[in-house]
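Next comes input_1.txt, with compact mmCIF, C-alpha atoms.
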```
# COMPACT_ATOMS: atom_id res chain seq x y z
CA MET A 10 -24.59 -2.89 24.34
CA PRO A 11 -23.68 -2.78 20.64
CA LEU A 12 -21.56 0.12 19.46
CA SER A 13 -23.57 2.85 17.72
CA GLU A 14 -22.62 3.67 14.15
CA ALA A 15 -21.81 7.25 15.14
CA ALA A 16 -19.45 6.04 17.87
CA ARG A 17 -17.84 3.55 15.49
CA LEU A 18 -17.26 6.21 12.83
CA ASN A 19 -15.74 8.51 15.44
CA LEU A 20 -13.27 5.80 16.46
CA LEU A 21 -12.48 5.13 12.79
CA SER A 22 -11.34 8.72 12.24
CA PRO A 23 -7.56 8.75 11.65
CA PRO A 24 -5.92 9.58 14.98
CA THR A 25 -3.90 12.65 15.72
CA GLY A 26 -1.05 13.01 18.18
CA ARG A 27 0.51 10.13 20.09
CA VAL A 28 -1.49 6.90 20.20
CA ARG A 29 -1.57 3.87 22.48
CA VAL A 30 -0.68 0.73 20.51
CA VAL A 31 -0.14 -2.99 20.93
CA LEU A 32 1.29 -5.16 18.16
CA ASP A 33 0.08 -8.69 17.39
CA THR A 34 2.66 -10.49 15.23
CA ASP A 35 3.69 -13.92 13.90
CA THR A 36 7.23 -12.63 13.78
CA TYR A 37 9.08 -15.79 12.73
CA ASN A 38 6.69 -16.69 9.92
CA GLU A 39 8.23 -14.20 7.49
CA ILE A 40 10.75 -11.35 7.45
CA ASP A 41 8.46 -8.32 7.24
CA ASP A 42 7.08 -8.51 10.81
CA GLN A 43 10.59 -7.71 11.99
CA PHE A 44 10.65 -4.52 9.92
CA ALA A 45 7.21 -3.51 11.24
CA ILE A 46 8.26 -4.03 14.86
CA VAL A 47 11.41 -1.96 14.45
CA GLN A 48 9.62 0.89 12.66
CA MET A 49 7.00 1.02 15.42
CA LEU A 50 9.55 0.99 18.23
CA LEU A 51 11.63 3.67 16.52
CA SER A 52 8.61 6.01 16.35
CA PRO A 53 8.14 7.08 20.00
CA ASP A 54 6.80 10.49 19.01
CA ARG A 55 3.80 8.76 17.44
CA PHE A 56 3.47 5.47 19.33
CA ASP A 57 3.22 4.55 22.98
CA VAL A 58 3.94 0.85 22.45
CA GLU A 59 2.35 -0.88 25.43
CA ALA A 60 2.76 -4.54 24.44
CA ILE A 61 3.84 -6.97 21.74
CA TYR A 62 1.98 -10.27 21.37
CA ALA A 63 3.33 -13.40 19.71
CA ALA A 64 0.71 -14.88 17.38
CA PRO A 65 0.37 -18.47 16.13
CA PHE A 66 1.22 -19.62 12.63
CA PHE A 67 1.59 -22.95 10.86
CA ASN A 68 3.54 -23.49 7.65
CA VAL A 69 6.85 -25.03 6.60
CA ARG A 70 8.63 -22.88 9.19
CA SER A 71 6.78 -24.39 12.17
CA ASP A 72 5.43 -27.72 13.44
CA GLY A 73 2.03 -26.28 14.34
CA PRO A 74 0.37 -23.03 15.47
CA GLY A 75 1.65 -23.29 19.02
CA HIS A 76 5.19 -23.93 17.86
CA GLY A 77 4.87 -21.00 15.45
CA MET A 78 3.79 -18.76 18.32
CA GLU A 79 6.80 -19.78 20.42
CA LEU A 80 9.19 -19.25 17.50
CA SER A 81 7.69 -15.80 17.05
CA TYR A 82 8.05 -15.03 20.75
CA GLN A 83 11.76 -15.89 20.62
CA GLU A 84 12.24 -13.81 17.45
CA ILE A 85 10.69 -10.79 19.18
CA LEU A 86 13.23 -11.21 21.99
CA ARG A 87 16.09 -11.28 19.46
CA LEU A 88 14.87 -8.02 17.93
CA LEU A 89 14.48 -6.27 21.29
CA ALA A 90 17.97 -7.33 22.38
CA ARG A 91 19.42 -5.59 19.32
CA LEU A 92 17.38 -2.47 20.10
CA ASP A 93 18.47 -2.58 23.76
CA ILE A 94 14.83 -2.75 24.91
CA SER A 95 13.84 -4.96 27.84
CA PRO A 96 11.07 -7.47 27.07
CA ASP A 97 9.88 -7.54 30.69
CA GLY A 98 6.19 -6.63 30.84
CA LEU A 99 6.26 -5.81 27.13
CA VAL A 100 6.23 -9.16 25.30
CA HIS A 101 3.55 -11.79 25.88
CA ARG A 102 2.99 -15.28 24.52
CA GLY A 103 -0.18 -15.70 22.51
CA VAL A 104 -2.62 -18.53 21.93
CA THR A 105 -1.39 -21.92 20.79
CA ASP A 106 -4.40 -22.77 18.63
CA TYR A 107 -6.78 -20.96 16.33
CA VAL A 108 -10.28 -19.78 17.24
CA GLY A 109 -11.43 -21.98 14.37
CA PRO A 110 -14.87 -22.67 12.89
CA GLU A 111 -16.26 -23.29 16.39
CA LYS A 112 -15.31 -19.68 17.23
CA GLN A 113 -13.85 -20.75 20.54
CA ALA A 114 -11.88 -18.23 22.57
CA ARG A 115 -8.38 -19.45 23.44
CA GLU A 116 -6.50 -18.67 26.62
CA ALA A 117 -3.10 -16.96 26.68
CA PRO A 118 -1.19 -14.26 28.57
CA ALA A 119 -1.49 -12.05 25.46
CA VAL A 120 -5.29 -12.31 25.53
CA ASP A 121 -5.45 -11.42 29.23
CA ASP A 122 -3.10 -8.48 28.71
CA LEU A 123 -5.03 -7.19 25.71
CA ILE A 124 -8.34 -7.25 27.56
CA ALA A 125 -6.84 -5.46 30.57
CA ARG A 126 -5.24 -2.74 28.44
CA ALA A 127 -8.39 -2.23 26.40
CA ARG A 128 -10.54 -1.88 29.51
CA ALA A 129 -8.07 0.66 30.89
CA GLY A 130 -8.77 2.91 27.92
CA SER A 131 -11.78 4.92 26.82
CA PRO A 132 -13.51 5.97 23.60
CA ASP A 133 -11.52 9.22 23.84
CA ASN A 134 -8.22 7.38 24.27
CA PRO A 135 -8.61 4.04 22.45
CA LEU A 136 -6.06 1.27 22.24
CA TYR A 137 -4.92 0.66 18.65
CA ILE A 138 -4.37 -3.05 18.00
CA VAL A 139 -1.98 -3.41 15.07
CA ALA A 140 -2.49 -7.00 13.91
CA ILE A 141 -0.17 -8.48 11.29
CA ALA A 142 -0.90 -12.17 11.76
CA ALA A 143 -3.73 -14.64 12.12
CA ILE A 144 -6.27 -12.77 14.23
CA SER A 145 -6.60 -15.50 16.88
CA ASN A 146 -5.33 -13.49 19.86
CA VAL A 147 -7.58 -10.54 19.06
CA ALA A 148 -10.63 -12.67 18.25
CA SER A 149 -10.18 -14.54 21.53
CA ALA A 150 -10.19 -11.22 23.40
CA LEU A 151 -13.33 -10.07 21.54
CA LEU A 152 -15.12 -13.33 22.35
CA ARG A 153 -14.16 -13.18 26.03
CA ALA A 154 -14.70 -9.44 26.50
CA PRO A 155 -17.10 -7.99 23.91
CA ASP A 156 -17.37 -4.89 26.11
CA ILE A 157 -13.99 -3.65 24.83
CA ILE A 158 -15.23 -2.78 21.33
CA ASP A 159 -15.96 0.84 22.27
CA ARG A 160 -12.37 1.50 23.36
CA VAL A 161 -10.20 -0.24 20.76
CA VAL A 162 -9.47 0.09 17.04
CA VAL A 163 -8.12 -2.94 15.19
CA VAL A 164 -5.79 -2.26 12.25
CA TRP A 165 -5.46 -5.64 10.53
CA LEU A 166 -3.40 -6.76 7.56
CA GLY A 167 -5.63 -9.55 6.32
CA GLY A 168 -7.32 -10.87 3.21
CA HIS A 169 -7.11 -9.46 -0.29
CA ALA A 170 -8.85 -6.50 -1.92
CA LEU A 171 -12.65 -6.59 -1.90
CA GLU A 172 -12.71 -6.99 -5.68
CA TRP A 173 -10.18 -9.86 -5.65
CA PRO A 174 -11.62 -13.22 -6.78
CA ASP A 175 -10.81 -14.79 -3.42
CA THR A 176 -9.46 -13.70 -0.08
CA ALA A 177 -7.36 -16.78 0.73
CA GLU A 178 -4.48 -14.73 2.11
CA PHE A 179 -2.15 -16.31 4.72
CA ASN A 180 -3.24 -14.34 7.80
CA LEU A 181 -6.91 -14.83 6.98
CA ARG A 182 -6.85 -18.47 5.91
CA GLN A 183 -4.91 -19.49 9.03
CA ASP A 184 -7.99 -18.73 11.15
CA VAL A 185 -11.12 -18.14 9.08
CA GLY A 186 -13.30 -18.45 12.18
CA GLY A 187 -11.26 -15.84 13.98
CA ALA A 188 -11.52 -13.48 11.00
CA GLN A 189 -15.29 -13.99 10.95
CA VAL A 190 -15.43 -13.10 14.65
CA LEU A 191 -13.48 -9.91 13.95
CA LEU A 192 -15.63 -8.84 11.00
CA ASP A 193 -18.93 -9.67 12.69
CA SER A 194 -18.12 -8.21 16.13
CA GLY A 195 -18.70 -4.58 15.18
CA VAL A 196 -15.32 -3.58 16.56
CA PRO A 197 -13.90 -0.50 14.79
CA LEU A 198 -11.73 -2.05 12.08
CA VAL A 199 -9.21 -0.64 9.64
CA LEU A 200 -8.73 -3.39 7.05
CA VAL A 201 -5.44 -3.36 5.13
CA PRO A 202 -5.73 -5.88 2.26
CA CYS A 203 -2.78 -7.64 0.68
CA ARG A 204 -3.17 -8.40 -3.03
CA GLY A 205 -4.62 -5.48 -4.92
CA VAL A 206 -3.64 -2.88 -2.29
CA THR A 207 -0.39 -3.62 -0.45
CA SER A 208 1.01 -5.74 -3.28
CA HIS A 209 3.73 -3.30 -4.36
CA LEU A 210 5.20 -2.82 -0.88
CA HIS A 211 8.47 -4.62 -1.67
CA SER A 212 12.18 -4.07 -1.28
CA THR A 213 15.29 -5.55 -2.89
CA VAL A 214 18.69 -6.78 -1.73
CA PRO A 215 20.61 -3.74 -3.12
CA GLU A 216 18.24 -1.37 -1.32
CA ILE A 217 18.49 -3.31 1.95
CA GLU A 218 22.28 -3.50 1.68
CA ARG A 219 22.52 0.26 1.21
CA TYR A 220 19.93 1.58 3.65
CA VAL A 221 19.51 -1.13 6.32
CA GLU A 222 22.54 -3.40 6.68
CA PRO A 223 25.12 -0.72 7.66
CA HIS A 224 23.07 0.51 10.61
CA GLY A 225 24.18 -1.35 13.70
CA SER A 226 23.39 -4.84 14.91
CA ILE A 227 19.67 -4.37 14.26
CA GLY A 228 20.32 -3.32 10.66
CA ALA A 229 22.63 -6.28 10.11
CA PHE A 230 20.05 -8.64 11.61
CA LEU A 231 17.21 -7.33 9.43
CA ALA A 232 19.40 -7.55 6.33
CA MET A 233 20.37 -11.12 7.21
CA ARG A 234 16.73 -12.14 7.59
CA PHE A 235 15.85 -10.43 4.32
CA LYS A 236 18.63 -11.99 2.26
CA GLU A 237 18.42 -15.51 3.69
CA TYR A 238 14.76 -15.78 2.67
CA SER A 239 15.79 -16.60 -0.91
CA ALA A 240 18.91 -18.15 -2.38
CA ASP A 241 18.37 -16.39 -5.72
CA HIS A 242 18.49 -12.59 -5.50
CA LEU A 243 18.70 -11.91 -9.23
CA GLY A 244 15.70 -9.78 -10.22
CA TRP A 245 14.18 -10.60 -6.81
CA ALA A 246 12.04 -8.29 -4.68
CA LYS A 247 10.60 -9.35 -1.32
CA GLU A 248 7.20 -8.43 0.10
CA ILE A 249 7.32 -6.40 3.31
CA TRP A 250 3.57 -6.00 3.56
CA ASP A 251 3.48 -6.06 7.37
CA MET A 252 4.84 -2.52 7.41
CA ALA A 253 1.56 -1.28 5.89
CA PRO A 254 -0.62 -1.07 9.04
CA VAL A 255 2.19 0.71 10.89
CA GLY A 256 2.47 3.06 7.90
CA TRP A 257 -1.25 3.89 8.05
CA LEU A 258 -1.00 4.79 11.72
CA LEU A 259 2.19 6.81 11.22
CA ASN A 260 0.58 8.92 8.51
CA PRO A 261 -2.86 8.06 7.09
CA LEU A 262 -1.92 9.96 3.92
CA TRP A 263 0.60 7.18 3.18
CA ALA A 264 -2.27 4.67 3.03
CA PRO A 265 -5.42 6.36 1.67
CA SER A 266 -8.66 4.82 2.89
CA VAL A 267 -12.43 5.01 2.64
CA ILE A 268 -15.40 4.04 4.79
CA VAL A 269 -17.28 0.99 3.48
CA PRO A 270 -19.61 -1.67 4.91
CA ALA A 271 -17.71 -4.49 6.61
CA PRO A 272 -17.81 -7.50 4.27
CA ILE A 273 -19.11 -10.91 5.21
CA LEU A 274 -16.41 -13.57 5.08
CA THR A 275 -17.74 -16.88 3.77
CA ASP A 276 -16.37 -20.25 4.83
CA GLN A 277 -14.98 -20.52 1.27
CA MET A 278 -12.81 -17.44 1.91
CA ILE A 279 -14.71 -15.17 -0.45
CA TRP A 280 -15.95 -11.67 0.38
CA SER A 281 -19.73 -11.16 0.32
CA ILE A 282 -21.05 -7.60 0.43
CA ASP A 283 -24.15 -6.53 2.35
CA ARG A 284 -24.43 -2.74 2.36
CA ARG A 285 -26.58 -2.81 5.50
CA ARG A 286 -23.58 -3.96 7.55
CA HIS A 287 -21.70 -1.78 10.03
CA ALA A 288 -18.91 0.44 8.73
CA MET A 289 -15.19 -0.18 8.60
CA ARG A 290 -12.26 1.77 7.19
CA TYR A 291 -10.74 0.19 4.09
CA VAL A 292 -7.25 1.04 2.83
CA THR A 293 -7.25 1.41 -0.96
CA SER A 294 -3.60 2.09 -1.85
CA MET A 295 -0.14 2.34 -0.36
CA ASN A 296 2.69 4.87 -0.64
CA ARG A 297 5.56 2.42 -0.59
CA ASN A 298 8.23 5.11 -0.96
CA ALA A 299 7.07 7.22 2.00
CA ILE A 300 6.84 4.23 4.35
CA LEU A 301 10.29 2.92 3.48
CA LYS A 302 11.91 6.37 3.54
CA ASP A 303 10.54 6.90 7.05
CA PHE A 304 11.93 3.53 8.12
CA PHE A 305 15.38 4.09 6.59
CA LEU A 306 15.75 7.53 8.18
CA LYS A 307 14.70 6.32 11.63
CA LEU A 308 17.00 3.29 11.47
CA ALA A 309 19.96 5.47 10.48
CA ALA A 310 19.22 7.95 13.26
CA PHE A 311 18.97 5.14 15.83
CA ALA A 312 22.24 3.59 14.74
CA GLY A 313 23.92 6.98 14.72
CA SER A 314 22.91 7.65 18.33
CA ASN A 315 24.16 4.30 19.64
```

Would you put the structure from the file into structure tokens?
Amino acid sequence: MPLSEAARLNLLSPPTGRVRVVLDTDTYNEIDDQFAIVQMLLSPDRFDVEAIYAAPFFNVRSDGPGHGMELSYQEILRLLARLDISPDGLVHRGVTDYVGPEKQAREAPAVDDLIARARAGSPDNPLYIVAIAAISNVASALLRAPDIIDRVVVVWLGGHALEWPDTAEFNLRQDVGGAQVLLDSGVPLVLVPCRGVTSHLHSTVPEIERYVEPHGSIGAFLAMRFKEYSADHLGWAKEIWDMAPVGWLLNPLWAPSVIVPAPILTDQMIWSIDRRRHAMRYVTSMNRNAILKDFFLKLAAFAGSN
């Protein structure tokens, strides 16, 4: 049965208290997934992190989507080792190919785990799916198990602002078919756009050297990843956009949002608006300072206790 609009709006209300979360991440693709993972894991008062899924990606850092997924899986393990967290039962390999224009569900341990965890929840205790990658794992789960849409909320960093001339952002353009599945499924969705909304969520080498690098092996690792991304640090700031969905869940006031109709995603990667469509929550701006201050304080406290 399709989800009623009243039920969808109820699930789209910003949560209070501690929430169940899983994280879907192409961790090796960039350097900001690593920051998002650490901030989530260092926020146990807010998050019950049930699973982390490695997502596919394909660019100059991988030989194909499956290779990108495996590189991401291994990067997740490196992060957890520095946080002294066991990966057993927590980290799962994702799909090795995109859902694609055929909208074909792909098989993977991450997809099986996501469906099982979603079905174990309820509309009163939904599973929040924080997705900071191509949406292939999540779209595969929605195609295989459409019954889960009344007990999950997807918080996805994908596409650009609705008024942007195109939406050919990396996460979205990797799997346009998967993004279309997500947007058309009716699943409660919090969309966190990149350009035009999250664009100013950056940091710099001096800031990272002062507030991240001194704090234990995890701080040194994050700083290394940040600095090695570019050989020229003069006047350079690096995007850390993947922290934005975690920031919205930590405190919705850090990422103000509104309810709007879910856009239609065309095959040309352009938003098309039909106001008769089901609702989604749309993040309109980002408090970069609050999100980074929270991260710096938690990292320092973790390092100080170890």

_Residue with smallest distance to Asp303 in chain A - pool A:Asn134, A:Ser52, A:Thr34, A:Asn315, counting all atoms listed in the file_ = A:Ser52

Residues near range 111-115 of chain A, anyone? I mean within 8 Å using only C-alpha atoms, not counting same-chain ones fewer than 2 positions away, as a PDB file with C-alpha atoms, in the coordinates of the input.
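What ended up in out-v1.pdb:
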```
ATOM      1  CA  VAL A 104      -2.620 -18.530  21.930  1.00  0.00           C
ATOM      2  CA  THR A 105      -1.390 -21.920  20.790  1.00  0.00           C
ATOM      3  CA  ASP A 106      -4.400 -22.770  18.630  1.00  0.00           C
ATOM      4  CA  TYR A 107      -6.780 -20.960  16.330  1.00  0.00           C
ATOM      5  CA  VAL A 108     -10.280 -19.780  17.240  1.00  0.00           C
ATOM      6  CA  GLY A 109     -11.430 -21.980  14.370  1.00  0.00           C
ATOM      7  CA  ALA A 117      -3.100 -16.960  26.680  1.00  0.00           C
ATOM      8  CA  SER A 145      -6.600 -15.500  16.880  1.00  0.00           C
ATOM      9  CA  ASN A 146      -5.330 -13.490  19.860  1.00  0.00           C
ATOM     10  CA  ALA A 148     -10.630 -12.670  18.250  1.00  0.00           C
ATOM     11  CA  SER A 149     -10.180 -14.540  21.530  1.00  0.00           C
ATOM     12  CA  ALA A 150     -10.190 -11.220  23.400  1.00  0.00           C
ATOM     13  CA  LEU A 152     -15.120 -13.330  22.350  1.00  0.00           C
ATOM     14  CA  ARG A 153     -14.160 -13.180  26.030  1.00  0.00           C
ATOM     15  CA  GLY A 186     -13.300 -18.450  12.180  1.00  0.00           C
ATOM     16  CA  GLY A 187     -11.260 -15.840  13.980  1.00  0.00           C
ATOM     17  CA  VAL A 190     -15.430 -13.100  14.650  1.00  0.00           C
TER      18      VAL A 190
END
```

_Nearest residue to Leu308 in chain A out of A:Ser194, A:Gln48, A:Asn19, A:Ser81, using all atoms listed in the file?_
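Nearest to Leu308 in chain A: A:Gln48.
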
*asked:* Using only C-alpha atoms - which residues lie no farther than 10 Å from the point (12.6, 1.4, 3.6) in the file's frame? Write them as number ranges by chain.
replied: A: 44, 48, 210-213, 216-217, 220-221, 249, 252, 297-308

Within 10 Å of range 258-271 of chain A, which residues of range 182-224 of chain A show up? Give each one with its shortest atom-to-atom distance in Å (one decimal) and the two atoms involved, counting only C-alpha atoms, rows by chain then rising residue number, as JSON lines.
```
{"residue": "A:Leu192", "atom": "CA", "partner": "A:Ala271", "partner_atom": "CA", "distance": 6.5}
{"residue": "A:Asp193", "atom": "CA", "partner": "A:Ala271", "partner_atom": "CA", "distance": 8.1}
{"residue": "A:Gly195", "atom": "CA", "partner": "A:Ala271", "partner_atom": "CA", "distance": 8.6}
{"residue": "A:Pro197", "atom": "CA", "partner": "A:Ala271", "partner_atom": "CA", "distance": 9.9}
{"residue": "A:Leu198", "atom": "CA", "partner": "A:Ala271", "partner_atom": "CA", "distance": 8.5}
{"residue": "A:Val199", "atom": "CA", "partner": "A:Ser266", "partner_atom": "CA", "distance": 8.7}
{"residue": "A:Leu200", "atom": "CA", "partner": "A:Ala271", "partner_atom": "CA", "distance": 9.1}
{"residue": "A:Val201", "atom": "CA", "partner": "A:Ala264", "partner_atom": "CA", "distance": 8.9}
{"residue": "A:Val206", "atom": "CA", "partner": "A:Ala264", "partner_atom": "CA", "distance": 9.3}
{"residue": "A:Thr207", "atom": "CA", "partner": "A:Ala264", "partner_atom": "CA", "distance": 9.2}
```

_(-15.2, -13.8, -3.9) in this file's frame - what residues fall within 12 Å of it? Use all atoms listed in the file and give the answer as a ChimeraX atom specification._
/A:168-177,272-282

Range 87-92 of chain A environment, 10 Å, all atoms listed in the file, sequence neighbours closer than 4 positions dropped, as a compact mmCIF listing (two decimals) with C-alpha atoms, keeping the file's coordinate frame:
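Saved to part_28.txt:
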```txt
# COMPACT_ATOMS: atom_id res chain seq x y z
CA THR A 36 7.23 -12.63 13.78
CA GLN A 43 10.59 -7.71 11.99
CA PHE A 44 10.65 -4.52 9.92
CA ILE A 46 8.26 -4.03 14.86
CA VAL A 47 11.41 -1.96 14.45
CA LEU A 50 9.55 0.99 18.23
CA LEU A 51 11.63 3.67 16.52
CA SER A 81 7.69 -15.80 17.05
CA TYR A 82 8.05 -15.03 20.75
CA GLN A 83 11.76 -15.89 20.62
CA PRO A 96 11.07 -7.47 27.07
CA VAL A 100 6.23 -9.16 25.30
CA GLY A 225 24.18 -1.35 13.70
CA SER A 226 23.39 -4.84 14.91
CA ILE A 227 19.67 -4.37 14.26
CA GLY A 228 20.32 -3.32 10.66
CA ALA A 229 22.63 -6.28 10.11
CA PHE A 230 20.05 -8.64 11.61
CA LEU A 231 17.21 -7.33 9.43
CA PHE A 311 18.97 5.14 15.83
CA ALA A 312 22.24 3.59 14.74
CA ASN A 315 24.16 4.30 19.64
```

*Kindly indicate which residue among A:Leu99, A:Ala129, A:Leu181, A:Met289 lies nearest to Val196 in chain A, using all atoms listed in the file for the distances.*
A:Met289

*Gap from CA of Arg70 in chain A to CA of Arg182 in chain A - Å, one decimal*: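 CA of Arg70 in chain A sits 16.4 Å away from CA of Arg182 in chain A.
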
*Do you know which residues are at most 6 Å from range 160-163 of chain A counting all atoms listed in the file, after dropping those on the same chain fewer than 3 positions away, and could you put them as a PyMOL selection string?*
chain A and resi 130-132+135-138+157+197-198

Would you compute an axis-aligned box for range 215-232 of chain A, covering every atom listed for it in the file with 4 Å of margin on each side, and report centre and edge lengths in Å to one decimal as lines of an AutoDock Vina configuration file?
```
center_x = 21.2
center_y = -3.5
center_z = 5.9
size_x = 15.9
size_y = 18.2
size_z = 26.0
```

*Using all atoms listed in the file, pick whichever of A:His224, A:Val255, A:Glu14, A:Pro23 has the shortest atom-to-atom distance to Gly313 in chain A.*
A:His224

*Kindly indicate which residue among A:Ala253, A:Leu21, A:Ala45, A:Leu191 lies nearest to Thr293 in chain A, using all atoms listed in the file for the distances.*
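Nearest to Thr293 in chain A: A:Ala253.
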
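The interatomic distance for the pair CA of Pro202 in chain A and CA of Ala288 in chain A works out to 16.0 Å.
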
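Remark: for Val292 in chain A, the closest of the candidate residues A:Arg204, A:Arg55, A:Arg29, A:Arg102 is A:Arg204 (distances computed over all atoms listed in the file).
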
Mind filling out range 91-109 of chain A with N, CA and C atoms and sending it as an mmCIF file, in the frame of the given file?
```
data_model
loop_
_atom_site.group_PDB
_atom_site.id
_atom_site.type_symbol
_atom_site.label_atom_id
_atom_site.label_comp_id
_atom_site.auth_asym_id
_atom_site.auth_seq_id
_atom_site.Cartn_x
_atom_site.Cartn_y
_atom_site.Cartn_z
ATOM 1 N N ARG A 91 18.613 -6.419 20.211
ATOM 2 C CA ARG A 91 19.420 -5.590 19.320
ATOM 3 C C ARG A 91 19.000 -4.122 19.348
ATOM 4 N N LEU A 92 17.827 -3.856 19.904
ATOM 5 C CA LEU A 92 17.380 -2.470 20.100
ATOM 6 C C LEU A 92 17.630 -1.995 21.520
ATOM 7 N N ASP A 93 18.192 -2.882 22.353
ATOM 8 C CA ASP A 93 18.470 -2.580 23.760
ATOM 9 C C ASP A 93 17.181 -2.186 24.498
ATOM 10 N N ILE A 94 16.115 -2.958 24.246
ATOM 11 C CA ILE A 94 14.830 -2.750 24.910
ATOM 12 C C ILE A 94 14.515 -3.994 25.731
ATOM 13 N N SER A 95 14.176 -3.822 26.985
ATOM 14 C CA SER A 95 13.840 -4.960 27.840
ATOM 15 C C SER A 95 12.478 -5.530 27.459
ATOM 16 N N PRO A 96 12.356 -6.863 27.379
ATOM 17 C CA PRO A 96 11.070 -7.470 27.070
ATOM 18 C C PRO A 96 10.144 -7.594 28.274
ATOM 19 N N ASP A 97 10.653 -7.318 29.474
ATOM 20 C CA ASP A 97 9.880 -7.540 30.690
ATOM 21 C C ASP A 97 8.617 -6.681 30.694
ATOM 22 N N GLY A 98 7.473 -7.328 30.818
ATOM 23 C CA GLY A 98 6.190 -6.630 30.840
ATOM 24 C C GLY A 98 5.736 -6.144 29.489
ATOM 25 N N LEU A 99 6.574 -6.308 28.473
ATOM 26 C CA LEU A 99 6.260 -5.810 27.130
ATOM 27 C C LEU A 99 5.811 -6.921 26.194
ATOM 28 N N VAL A 100 6.471 -8.073 26.250
ATOM 29 C CA VAL A 100 6.230 -9.160 25.300
ATOM 30 C C VAL A 100 5.452 -10.274 25.983
ATOM 31 N N HIS A 101 4.422 -10.780 25.298
ATOM 32 C CA HIS A 101 3.550 -11.790 25.880
ATOM 33 C C HIS A 101 3.291 -12.915 24.877
ATOM 34 N N ARG A 102 3.319 -14.127 25.368
ATOM 35 C CA ARG A 102 2.990 -15.280 24.520
ATOM 36 C C ARG A 102 1.500 -15.279 24.202
ATOM 37 N N GLY A 103 1.203 -15.643 22.957
ATOM 38 C CA GLY A 103 -0.180 -15.700 22.510
ATOM 39 C C GLY A 103 -0.763 -17.090 22.560
ATOM 40 N N VAL A 104 -1.894 -17.260 21.922
ATOM 41 C CA VAL A 104 -2.620 -18.530 21.930
ATOM 42 C C VAL A 104 -1.833 -19.577 21.147
ATOM 43 N N THR A 105 -2.094 -20.825 21.446
ATOM 44 C CA THR A 105 -1.390 -21.920 20.790
ATOM 45 C C THR A 105 -2.282 -22.656 19.800
ATOM 46 N N ASP A 106 -3.505 -22.184 19.623
ATOM 47 C CA ASP A 106 -4.400 -22.770 18.630
ATOM 48 C C ASP A 106 -5.317 -21.680 18.103
ATOM 49 N N TYR A 107 -5.912 -21.940 16.963
ATOM 50 C CA TYR A 107 -6.780 -20.960 16.330
ATOM 51 C C TYR A 107 -8.172 -20.960 16.963
ATOM 52 N N VAL A 108 -8.879 -19.853 16.814
ATOM 53 C CA VAL A 108 -10.280 -19.780 17.240
ATOM 54 C C VAL A 108 -11.108 -20.801 16.466
ATOM 55 N N GLY A 109 -10.848 -20.909 15.172
ATOM 56 C CA GLY A 109 -11.430 -21.980 14.370
ATOM 57 C C GLY A 109 -12.899 -21.810 14.056
#
```
